[in-house]
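> Structure: data-v2.csv, CSV, C-alpha atoms and all ligand atoms.
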```csv
chain,number,residue,atom,x,y,z
A,11,MET,CA,127.8,82.6,103.6
A,12,GLU,CA,129.9,81.4,106.5
A,13,LYS,CA,128.1,80.2,109.5
A,14,ILE,CA,127.9,83.0,112.1
A,15,ASP,CA,127.6,82.4,115.8
A,16,TRP,CA,124.9,85.1,116.4
A,17,GLU,CA,125.2,84.9,120.1
A,18,LYS,CA,129.0,85.8,120.0
A,19,LEU,CA,128.8,88.5,117.3
A,20,PRO,CA,131.2,91.4,118.2
A,21,PHE,CA,130.4,95.1,117.5
A,22,GLY,CA,132.7,95.2,114.6
A,23,TYR,CA,133.1,94.8,110.8
A,24,LEU,CA,132.1,91.5,109.2
A,25,LYS,CA,132.1,91.1,105.4
A,26,THR,CA,128.7,90.6,103.8
A,27,ASN,CA,127.8,89.9,100.1
A,28,PHE,CA,127.1,93.3,98.6
A,29,ASN,CA,127.2,97.1,99.0
A,30,VAL,CA,125.3,99.7,97.1
A,31,ARG,CA,126.9,102.8,95.4
A,32,CYS,CA,125.9,105.9,93.5
A,33,ASN,CA,128.1,108.4,91.7
A,34,TYR,CA,127.7,112.1,91.5
A,35,ARG,CA,129.1,113.5,88.2
A,36,ASN,CA,128.4,116.5,86.1
A,37,GLY,CA,126.1,117.9,88.8
A,38,GLU,CA,123.9,114.8,88.8
A,39,TRP,CA,123.3,111.7,90.8
A,40,GLY,CA,123.5,108.4,88.8
A,41,GLU,CA,121.7,105.2,89.3
A,42,LEU,CA,122.1,102.9,92.4
A,43,GLU,CA,124.6,100.1,91.7
A,44,VAL,CA,125.2,96.9,93.5
A,45,HIS,CA,128.9,95.9,94.1
A,46,ASP,CA,130.5,92.9,95.7
A,47,SER,CA,133.9,94.4,96.2
A,48,GLU,CA,134.7,95.9,99.6
A,49,PHE,CA,137.3,98.2,98.1
A,50,VAL,CA,137.2,101.7,96.4
A,51,ASN,CA,139.4,102.7,93.6
A,52,LEU,CA,140.2,106.2,94.7
A,53,HIS,CA,142.4,109.0,93.1
A,54,MET,CA,145.3,109.8,95.4
A,55,ALA,CA,144.4,113.5,95.2
A,56,ALA,CA,140.7,113.0,96.1
A,57,THR,CA,139.4,115.7,98.4
A,58,SER,CA,138.2,113.1,101.0
A,59,LEU,CA,141.8,112.0,101.6
A,60,HIS,CA,143.3,115.5,102.0
A,61,TYR,CA,140.6,117.9,103.1
A,62,GLY,CA,138.3,115.6,105.0
A,63,GLN,CA,135.4,115.9,102.5
A,64,GLU,CA,133.6,112.9,104.0
A,65,VAL,CA,130.3,112.5,105.8
A,66,PHE,CA,128.6,109.4,107.1
A,67,GLU,CA,125.6,108.0,108.9
A,68,GLY,CA,124.9,105.0,111.2
A,69,LEU,CA,121.6,103.2,111.6
A,70,LYS,CA,120.4,99.6,112.0
A,71,ALA,CA,118.0,97.0,110.7
A,72,TYR,CA,116.2,94.9,113.3
A,73,ARG,CA,114.6,91.4,112.8
A,74,GLY,CA,111.3,91.0,114.6
A,75,ALA,CA,109.8,87.9,116.1
A,76,ASP,CA,107.6,87.9,113.0
A,77,ASP,CA,110.8,87.7,110.9
A,78,LYS,CA,110.1,91.0,109.3
A,79,ILE,CA,113.0,93.4,109.0
A,80,ARG,CA,112.6,96.9,110.4
A,81,LEU,CA,114.4,100.2,109.9
A,82,PHE,CA,114.1,102.9,112.6
A,83,ARG,CA,113.5,106.5,111.4
A,84,VAL,CA,115.6,106.1,108.3
A,85,GLU,CA,114.3,109.4,106.9
A,86,GLU,CA,115.8,111.2,109.8
A,87,ASN,CA,119.2,109.7,108.9
A,88,ALA,CA,118.6,110.8,105.3
A,89,ARG,CA,117.9,114.3,106.3
A,90,ARG,CA,120.9,114.5,108.7
A,91,PHE,CA,123.1,113.1,105.9
A,92,GLN,CA,121.9,116.0,103.7
A,93,ARG,CA,122.7,118.6,106.5
A,94,SER,CA,126.1,117.1,107.1
A,95,ALA,CA,126.9,117.1,103.3
A,96,ASN,CA,125.7,120.7,103.0
A,97,GLY,CA,127.9,121.6,106.0
A,98,ILE,CA,131.1,120.8,104.1
A,99,LEU,CA,130.0,121.8,100.6
A,100,MET,CA,129.1,118.4,99.3
A,101,PRO,CA,126.0,117.7,97.2
A,102,GLU,CA,122.9,116.5,99.0
A,103,LEU,CA,121.7,113.0,98.2
A,104,PRO,CA,117.9,113.1,97.8
A,105,VAL,CA,116.1,111.5,100.8
A,106,GLU,CA,114.3,109.0,98.5
A,107,LYS,CA,117.6,107.9,97.0
A,108,PHE,CA,119.1,107.4,100.5
A,109,THR,CA,116.1,105.4,101.7
A,110,GLU,CA,116.0,103.3,98.5
A,111,ALA,CA,119.8,102.5,98.9
A,112,VAL,CA,119.4,101.6,102.5
A,113,ASN,CA,116.4,99.3,101.7
A,114,LYS,CA,118.3,97.7,98.9
A,115,VAL,CA,121.5,97.0,100.8
A,116,VAL,CA,119.5,95.4,103.6
A,117,ALA,CA,117.3,93.4,101.2
A,118,ILE,CA,120.3,91.9,99.3
A,119,ASN,CA,122.1,91.1,102.5
A,120,LYS,CA,119.1,90.0,104.5
A,121,GLU,CA,120.6,86.6,105.6
A,122,TYR,CA,123.0,88.8,107.7
A,123,VAL,CA,120.3,90.4,109.8
A,124,PRO,CA,120.7,88.5,113.1
A,125,PRO,CA,117.8,86.4,114.4
A,126,HIS,CA,115.3,88.0,116.8
A,127,GLY,CA,116.2,87.5,120.5
A,128,THR,CA,120.0,87.5,120.0
A,129,GLY,CA,120.3,91.2,120.6
A,130,GLY,CA,122.2,91.5,117.3
A,131,THR,CA,121.3,93.9,114.5
A,132,LEU,CA,122.5,94.7,111.0
A,133,TYR,CA,124.5,97.9,111.3
A,134,ILE,CA,124.1,100.2,108.2
A,135,ARG,CA,126.9,102.6,107.3
A,136,PRO,CA,126.1,105.1,104.5
A,137,LEU,CA,129.0,107.4,103.5
A,138,LEU,CA,129.7,110.1,101.0
A,139,ILE,CA,133.2,111.0,99.9
A,140,GLY,CA,134.8,113.7,97.7
A,141,TYR,CA,136.0,111.5,94.8
A,142,SER,CA,137.7,113.7,92.2
A,143,ALA,CA,141.2,115.2,92.3
A,144,GLU,CA,142.0,118.7,93.6
A,145,ILE,CA,145.2,120.2,95.0
A,146,GLY,CA,143.9,123.5,96.3
A,147,VAL,CA,141.5,123.6,99.2
A,148,LYS,CA,138.1,123.4,97.5
A,149,PRO,CA,135.3,121.0,97.1
A,150,ALA,CA,135.5,118.1,94.7
A,151,LYS,CA,133.5,118.0,91.5
A,152,GLU,CA,132.7,114.3,91.8
A,153,TYR,CA,131.4,112.3,94.7
A,154,LEU,CA,130.8,108.7,95.6
A,155,PHE,CA,128.0,107.5,97.9
A,156,ILE,CA,128.4,104.0,99.4
A,157,VAL,CA,126.2,102.1,101.8
A,158,PHE,CA,127.5,98.9,103.3
A,159,VAL,CA,126.3,96.7,106.2
A,160,SER,CA,127.7,94.5,108.9
A,161,PRO,CA,126.0,92.3,111.4
A,162,VAL,CA,126.8,93.4,114.9
A,163,GLY,CA,126.2,92.1,118.4
A,164,PRO,CA,125.0,94.3,121.3
A,165,TYR,CA,127.3,97.2,121.9
A,166,PHE,CA,127.9,96.2,125.5
A,167,LYS,CA,128.4,92.5,125.9
A,168,GLU,CA,127.8,92.6,129.6
A,169,GLY,CA,124.3,93.9,128.8
A,170,PHE,CA,122.4,96.9,130.0
A,171,LYS,CA,124.7,97.8,132.8
A,172,PRO,CA,126.1,101.2,133.9
A,173,VAL,CA,129.3,102.5,132.3
A,174,ASN,CA,131.7,105.2,133.6
A,175,LEU,CA,132.7,108.5,131.9
A,176,MET,CA,135.7,110.7,132.3
A,177,ILE,CA,135.4,114.5,131.8
A,178,CYS,CA,137.8,115.9,129.2
A,179,ARG,CA,139.1,119.5,129.4
A,180,ASN,CA,142.4,119.1,127.5
A,181,PHE,CA,140.8,118.2,124.1
A,182,ASP,CA,137.9,119.7,122.2
A,183,ARG,CA,136.0,117.5,119.8
A,184,THR,CA,134.7,120.5,117.9
A,185,ALA,CA,134.4,124.3,118.2
A,186,PRO,CA,131.2,126.3,118.8
A,187,LEU,CA,131.0,127.5,115.2
A,188,GLY,CA,132.7,124.3,113.9
A,189,THR,CA,131.4,121.1,112.4
A,190,GLY,CA,130.2,119.4,115.6
A,191,SER,CA,126.5,119.2,114.5
A,192,TYR,CA,127.5,117.5,111.2
A,193,LYS,CA,128.5,113.8,111.0
A,194,VAL,CA,131.8,114.5,109.3
A,195,GLY,CA,134.9,112.2,109.7
A,196,GLY,CA,137.1,115.1,111.0
A,197,ASN,CA,135.1,115.3,114.2
A,198,TYR,CA,135.9,111.7,115.0
A,199,ALA,CA,139.6,112.1,114.2
A,200,ALA,CA,139.6,115.0,116.6
A,201,SER,CA,138.1,112.8,119.3
A,202,LEU,CA,140.4,109.8,119.1
A,203,LYS,CA,143.1,111.1,121.5
A,204,SER,CA,140.6,112.0,124.2
A,205,LEU,CA,138.8,108.7,123.8
A,206,LYS,CA,142.1,106.9,124.2
A,207,GLU,CA,142.9,108.9,127.3
A,208,ALA,CA,139.5,107.9,128.8
A,209,HIS,CA,139.9,104.2,127.8
A,210,ASP,CA,143.5,104.1,129.2
A,211,ALA,CA,142.2,105.4,132.5
A,212,GLY,CA,139.6,102.7,132.6
A,213,TYR,CA,136.5,104.7,131.5
A,214,SER,CA,134.1,103.8,128.7
A,215,THR,CA,134.2,107.2,127.0
A,216,THR,CA,134.8,110.9,127.4
A,217,LEU,CA,132.4,113.5,128.5
A,218,TYR,CA,133.0,116.7,126.6
A,219,LEU,CA,132.3,120.2,128.0
A,220,ASP,CA,131.5,123.1,125.8
A,221,ALA,CA,134.7,124.2,124.0
A,222,LYS,CA,134.4,127.9,124.7
A,223,GLU,CA,133.7,128.2,128.4
A,224,LYS,CA,134.0,124.6,129.8
A,225,LYS,CA,130.8,125.5,131.8
A,226,TYR,CA,128.2,123.3,130.0
A,227,ILE,CA,127.8,119.7,129.1
A,228,ASP,CA,128.2,118.8,125.4
A,229,GLU,CA,128.4,115.1,124.5
A,230,ALA,CA,129.4,111.8,125.8
A,231,GLY,CA,131.9,110.6,123.2
A,232,PRO,CA,130.0,109.5,120.1
A,233,ALA,CA,126.6,109.8,122.0
A,234,ASN,CA,124.3,112.5,123.3
A,235,PHE,CA,124.0,113.1,127.1
A,236,PHE,CA,120.9,113.2,129.2
A,237,GLY,CA,120.3,113.5,132.9
A,238,ILE,CA,117.2,112.6,134.9
A,239,LYS,CA,116.1,114.9,137.7
A,240,GLY,CA,113.0,113.7,139.5
A,241,ASN,CA,110.5,113.3,136.7
A,242,THR,CA,112.3,115.4,134.2
A,243,TYR,CA,114.5,114.3,131.2
A,244,ILE,CA,117.2,117.0,130.6
A,245,THR,CA,119.4,117.1,127.6
A,246,PRO,CA,121.9,119.7,126.3
A,247,GLU,CA,121.0,122.3,123.7
A,248,SER,CA,124.3,123.1,122.0
A,249,LYS,CA,125.5,124.1,118.5
A,250,SER,CA,128.5,121.8,118.7
A,251,ILE,CA,126.7,118.4,119.3
A,252,LEU,CA,125.3,116.0,116.8
A,253,PRO,CA,121.5,116.0,116.9
A,254,SER,CA,121.0,112.3,117.9
A,255,ILE,CA,118.0,110.5,116.4
A,256,THR,CA,117.9,108.2,119.5
A,257,ASN,CA,117.8,111.3,121.8
A,258,MET,CA,115.0,112.8,119.7
A,259,SER,CA,113.0,109.6,120.0
A,260,LEU,CA,113.7,109.3,123.8
A,261,MET,CA,112.4,112.8,124.3
A,262,ASP,CA,109.2,111.9,122.5
A,263,LEU,CA,108.9,108.6,124.4
A,264,ALA,CA,109.6,110.4,127.7
A,265,ALA,CA,106.8,113.0,127.0
A,266,HIS,CA,104.5,110.1,126.0
A,267,LEU,CA,105.2,108.4,129.4
A,268,GLY,CA,104.4,111.6,131.3
A,269,ILE,CA,108.0,112.6,131.9
A,270,ASN,CA,108.9,116.3,131.6
A,271,VAL,CA,111.4,117.1,128.9
A,272,GLU,CA,113.9,120.0,128.9
A,273,LYS,CA,116.3,120.6,126.0
A,274,ARG,CA,118.5,123.5,127.1
A,275,PRO,CA,122.1,124.4,128.0
A,276,VAL,CA,123.1,122.1,130.9
A,277,LEU,CA,125.6,123.4,133.4
A,278,TYR,CA,128.5,121.3,134.6
A,279,ASP,CA,127.3,122.3,138.1
A,280,GLU,CA,124.1,120.4,137.5
A,281,LEU,CA,126.0,117.1,137.4
A,282,SER,CA,125.6,116.7,141.1
A,283,THR,CA,121.8,117.2,140.9
A,284,PHE,CA,120.9,114.3,138.6
A,285,ASP,CA,119.4,111.1,139.9
A,286,GLU,CA,120.2,109.2,136.7
A,287,VAL,CA,122.5,109.9,133.7
A,288,GLY,CA,122.6,108.2,130.3
A,289,ALA,CA,124.5,108.4,127.0
A,290,CYS,CA,122.3,107.7,124.0
A,291,GLY,CA,122.9,106.8,120.3
A,292,THR,CA,122.1,104.1,117.7
A,293,ALA,CA,125.0,101.8,118.7
A,294,ALA,CA,124.2,101.3,122.4
A,295,VAL,CA,120.7,102.9,122.4
A,296,ILE,CA,121.1,103.9,126.1
A,297,ALA,CA,124.3,103.5,128.0
A,298,PRO,CA,123.3,104.1,131.6
A,299,VAL,CA,126.1,106.0,133.4
A,300,GLY,CA,127.3,104.7,136.8
A,301,LYS,CA,129.7,107.5,137.6
A,302,ILE,CA,131.5,110.5,136.0
A,303,TYR,CA,135.0,111.3,137.0
A,304,ASP,CA,136.4,114.8,136.8
A,305,PRO,CA,140.3,114.4,136.8
A,306,ASP,CA,141.0,118.1,137.1
A,307,PHE,CA,139.2,118.4,140.5
A,308,ASP,CA,139.6,114.7,141.4
A,309,LYS,CA,135.8,114.6,141.9
A,310,THR,CA,133.4,111.7,141.2
A,311,PHE,CA,129.6,112.0,140.5
A,312,VAL,CA,127.9,108.8,141.3
A,313,TYR,CA,124.5,107.8,139.7
A,314,SER,CA,124.5,104.0,140.3
A,315,ALA,CA,126.2,102.7,143.5
A,316,ASP,CA,124.6,99.2,143.2
A,317,GLY,CA,125.6,98.5,139.5
A,318,HIS,CA,122.0,98.8,138.2
A,319,PRO,CA,120.6,101.4,135.8
A,320,GLY,CA,118.0,103.7,137.2
A,321,PRO,CA,114.2,103.2,136.7
A,322,ILE,CA,113.7,105.9,134.1
A,323,CYS,CA,116.7,104.7,132.0
A,324,GLN,CA,115.3,101.2,132.2
A,325,LYS,CA,111.8,102.2,131.2
A,326,LEU,CA,113.0,104.3,128.2
A,327,TYR,CA,115.4,101.6,127.1
A,328,ARG,CA,112.8,98.9,127.2
A,329,LYS,CA,110.3,101.0,125.3
A,330,ILE,CA,112.5,102.1,122.5
A,331,THR,CA,114.1,98.7,121.9
A,332,ASP,CA,110.6,97.0,121.9
A,333,ILE,CA,109.5,99.4,119.2
A,334,GLN,CA,112.8,98.8,117.2
A,335,PHE,CA,112.4,95.0,117.3
A,336,GLY,CA,108.7,95.1,116.8
A,337,ASP,CA,107.8,93.8,120.2
A,338,GLU,CA,105.6,96.8,120.8
A,339,GLU,CA,103.3,98.6,118.5
A,340,ASP,CA,104.9,101.6,116.7
A,341,ILE,CA,102.4,104.3,117.5
A,342,PHE,CA,104.8,107.0,116.4
A,343,GLY,CA,105.3,105.9,112.8
A,344,TRP,CA,109.0,105.4,113.2
A,345,ILE,CA,109.3,102.0,111.6
A,346,ASP,CA,109.7,101.1,107.9
A,347,TYR,CA,109.7,97.5,106.7
A,348,VAL,CA,112.4,96.2,104.3
A,349,THR,CA,110.8,94.5,101.4
B,401,LIG,C1,129.0,112.5,118.0
B,401,LIG,C2,127.7,111.7,118.1
B,401,LIG,N1,126.7,112.1,118.9
B,401,LIG,C3,125.6,111.5,119.0
B,401,LIG,C4,125.3,110.3,118.3
B,401,LIG,C5,124.0,109.6,118.4
B,401,LIG,O1,123.2,109.8,117.3
B,401,LIG,P1,122.1,108.8,116.8
B,401,LIG,O2,121.2,108.6,118.0
B,401,LIG,O3,121.5,109.4,115.7
B,401,LIG,O4,122.9,107.5,116.5
B,401,LIG,C6,126.3,109.8,117.4
B,401,LIG,C7,126.1,108.6,116.6
B,401,LIG,O5,125.6,108.7,115.5
B,401,LIG,C8,127.5,110.6,117.3
B,401,LIG,O6,128.5,110.1,116.5
```
Can the structure in the file be given as structure tokens, please?
Ligand SMILES: Cc1ncc(COP(=O)(O)O)c(C=O)c1O

Amino acid sequence: MEKIDWEKLPFGYLKTNFNVRCNYRNGEWGELEVHDSEFVNLHMAATSLHYGQEVFEGLKAYRGADDKIRLFRVEENARRFQRSANGILMPELPVEKFTEAVNKVVAINKEYVPPHGTGGTLYIRPLLIGYSAEIGVKPAKEYLFIVFVSPVGPYFKEGFKPVNLMICRNFDRTAPLGTGSYKVGGNYAASLKSLKEAHDAGYSTTLYLDAKEKKYIDEAGPANFFGIKGNTYITPESKSILPSITNMSLMDLAAHLGINVEKRPVLYDELSTFDEVGACGTAAVIAPVGKIYDPDFDKTFVYSADGHPGPICQKLYRKITDIQFGDEEDIFGWIDYVT
């Protein structure tokens, strides 16, 4: 293994020793296999290449001060992986096989889990692809499951500081009855142009409104949205957003801290009423939002004028990351140890 400068680790791909794979053939899942190649030998007519039969997940392994390696709510990722697969007619990988594969890939690459205190983690990327050849639009008969890992540094190098979002009305990430609630590759392809537009204009990511009426808040790029109003945590209920495991956990933590929680359609008009706003997901945990710019009305909603995250965002961020890294007791039963 090459020496890694843990403090300077980017949020990007870095080769590790092994990945874990499993084939689905003749209607059955095979055994887990360990591979050292980073490449896949894929038929040129595979359904994943033409018809987007591809689903994936994203989670992390965290090294504690006790040197133990922790996984955060891995069974929720396993269940979401099943829902996503089912959503585009792919076979569901059993939850136990998913968790066993994740444990295995972390265990055989454990020297790549960054040391505690560096802010780094081992990012885990499970994916499932339609593997066999078809020409007509139909699901494949064979599938390949792969899970690989990459050590990553903190998502935001500058630390837990507010980021800015730009509202996007000229692109939809997904449709109300589309695949937005599944983690399928096509949703991300559909988001690339709008993300570029936001980046080019100097914003961290795009804030999507609902595709049908453009009246409600959907998602903040590849993250869920929440707003804080007084002592209430408010997050959108929508058929076209990905049910975020981070958001689900923040709602539980907020309730535990005595903060009211509302999951309901959130009107665009409410943006001016929030005291704090955040985008949440595995990668950044919480990205506190400093301001949201609406280019169509040349209007800016400001949540942090002084460059600091608000108190509730700070409290929730601290609490969830302390549980993930084992600095605080896990009273919710969210942590599994890699053995
Ligand atoms: C579109 C989208 N929304 C939300 C999330 C956040 O989900 P999670 O908290 O499970 O990482 C992600 C990342 O997985 C995502 O890609």
> Using all atoms listed in the file, which of the listed residues (A:Arg135, A:Lys206, A:Lys309, A:Lys78) sits closest to ligand LIG 401 (chain B)?
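Under the stated criterion, the closest residue is A:Arg135.
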> Give me the chain A side of the contact with ligand LIG 401 (chain B), cut-off 10 Å, one line per residue showing its nearest atom pair and distance in Å at one decimal, counting only C-alpha atoms and all ligand atoms, sorted by chain and residue number, as a Markdown table.

```
| residue | atom | partner | partner_atom | distance |
| --- | --- | --- | --- | --- |
| A:Phe66 | CA | B:LIG401 | O5 | 8.9 |
| A:Glu67 | CA | B:LIG401 | O5 | 6.6 |
| A:Gly68 | CA | B:LIG401 | O5 | 5.7 |
| A:Leu69 | CA | B:LIG401 | O4 | 6.6 |
| A:Lys70 | CA | B:LIG401 | O4 | 9.4 |
| A:Arg83 | CA | B:LIG401 | O3 | 9.5 |
| A:Glu86 | CA | B:LIG401 | O3 | 8.4 |
| A:Asn87 | CA | B:LIG401 | O3 | 7.2 |
| A:Arg90 | CA | B:LIG401 | O3 | 8.7 |
| A:Arg183 | CA | B:LIG401 | C1 | 8.8 |
| A:Thr184 | CA | B:LIG401 | C1 | 9.8 |
| A:Gly190 | CA | B:LIG401 | C1 | 7.4 |
| A:Ser191 | CA | B:LIG401 | C1 | 8.0 |
| A:Tyr192 | CA | B:LIG401 | C1 | 8.6 |
| A:Lys193 | CA | B:LIG401 | O6 | 6.6 |
| A:Val194 | CA | B:LIG401 | O6 | 9.1 |
| A:Gly195 | CA | B:LIG401 | O6 | 9.6 |
| A:Asn197 | CA | B:LIG401 | C1 | 7.7 |
| A:Tyr198 | CA | B:LIG401 | C1 | 7.6 |
| A:Ser201 | CA | B:LIG401 | C1 | 9.2 |
| A:Asp228 | CA | B:LIG401 | N1 | 9.5 |
| A:Glu229 | CA | B:LIG401 | N1 | 6.6 |
| A:Ala230 | CA | B:LIG401 | N1 | 7.4 |
| A:Gly231 | CA | B:LIG401 | C1 | 6.2 |
| A:Pro232 | CA | B:LIG401 | C2 | 3.8 |
| A:Ala233 | CA | B:LIG401 | C3 | 3.6 |
| A:Asn234 | CA | B:LIG401 | C3 | 4.6 |
| A:Phe235 | CA | B:LIG401 | C3 | 8.4 |
| A:Ser250 | CA | B:LIG401 | C1 | 9.3 |
| A:Ile251 | CA | B:LIG401 | N1 | 6.3 |
| A:Leu252 | CA | B:LIG401 | N1 | 4.6 |
| A:Pro253 | CA | B:LIG401 | C3 | 6.4 |
| A:Ser254 | CA | B:LIG401 | O1 | 3.4 |
| A:Ile255 | CA | B:LIG401 | O3 | 3.7 |
| A:Thr256 | CA | B:LIG401 | O2 | 3.6 |
| A:Asn257 | CA | B:LIG401 | O2 | 5.8 |
| A:Met258 | CA | B:LIG401 | O2 | 7.7 |
| A:Ser259 | CA | B:LIG401 | O2 | 8.5 |
| A:Leu260 | CA | B:LIG401 | O2 | 9.5 |
| A:Ala289 | CA | B:LIG401 | C3 | 8.6 |
| A:Cys290 | CA | B:LIG401 | C5 | 6.2 |
| A:Gly291 | CA | B:LIG401 | O2 | 3.4 |
| A:Thr292 | CA | B:LIG401 | O4 | 3.7 |
| A:Ala293 | CA | B:LIG401 | O4 | 6.5 |
| A:Ala294 | CA | B:LIG401 | O4 | 8.7 |
| A:Val295 | CA | B:LIG401 | O2 | 7.2 |
| A:Ile296 | CA | B:LIG401 | O2 | 9.4 |
```
> Please measure the separation of atom CA of Gly288 of chain A and atom CA of Phe166 of chain A, giving the value in Å to one decimal.
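Between these atoms lies a distance of 14.0 Å.
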> Could you check which of A:Lys273, A:Arg31, A:Lys224, A:His126 is closest to Glu110 of chain A, using all atoms listed in the file?
A:Arg31
> Give the answer as one residue: which of A:Thr310, A:Ser58, A:Asn27, A:Asn113 has the shortest atom-to-atom distance to Met100 of chain A, using all atoms listed in the file?
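Going through A:Thr310, A:Ser58, A:Asn27, A:Asn113 one by one, the smallest distance to Met100 of chain A is for A:Ser58.
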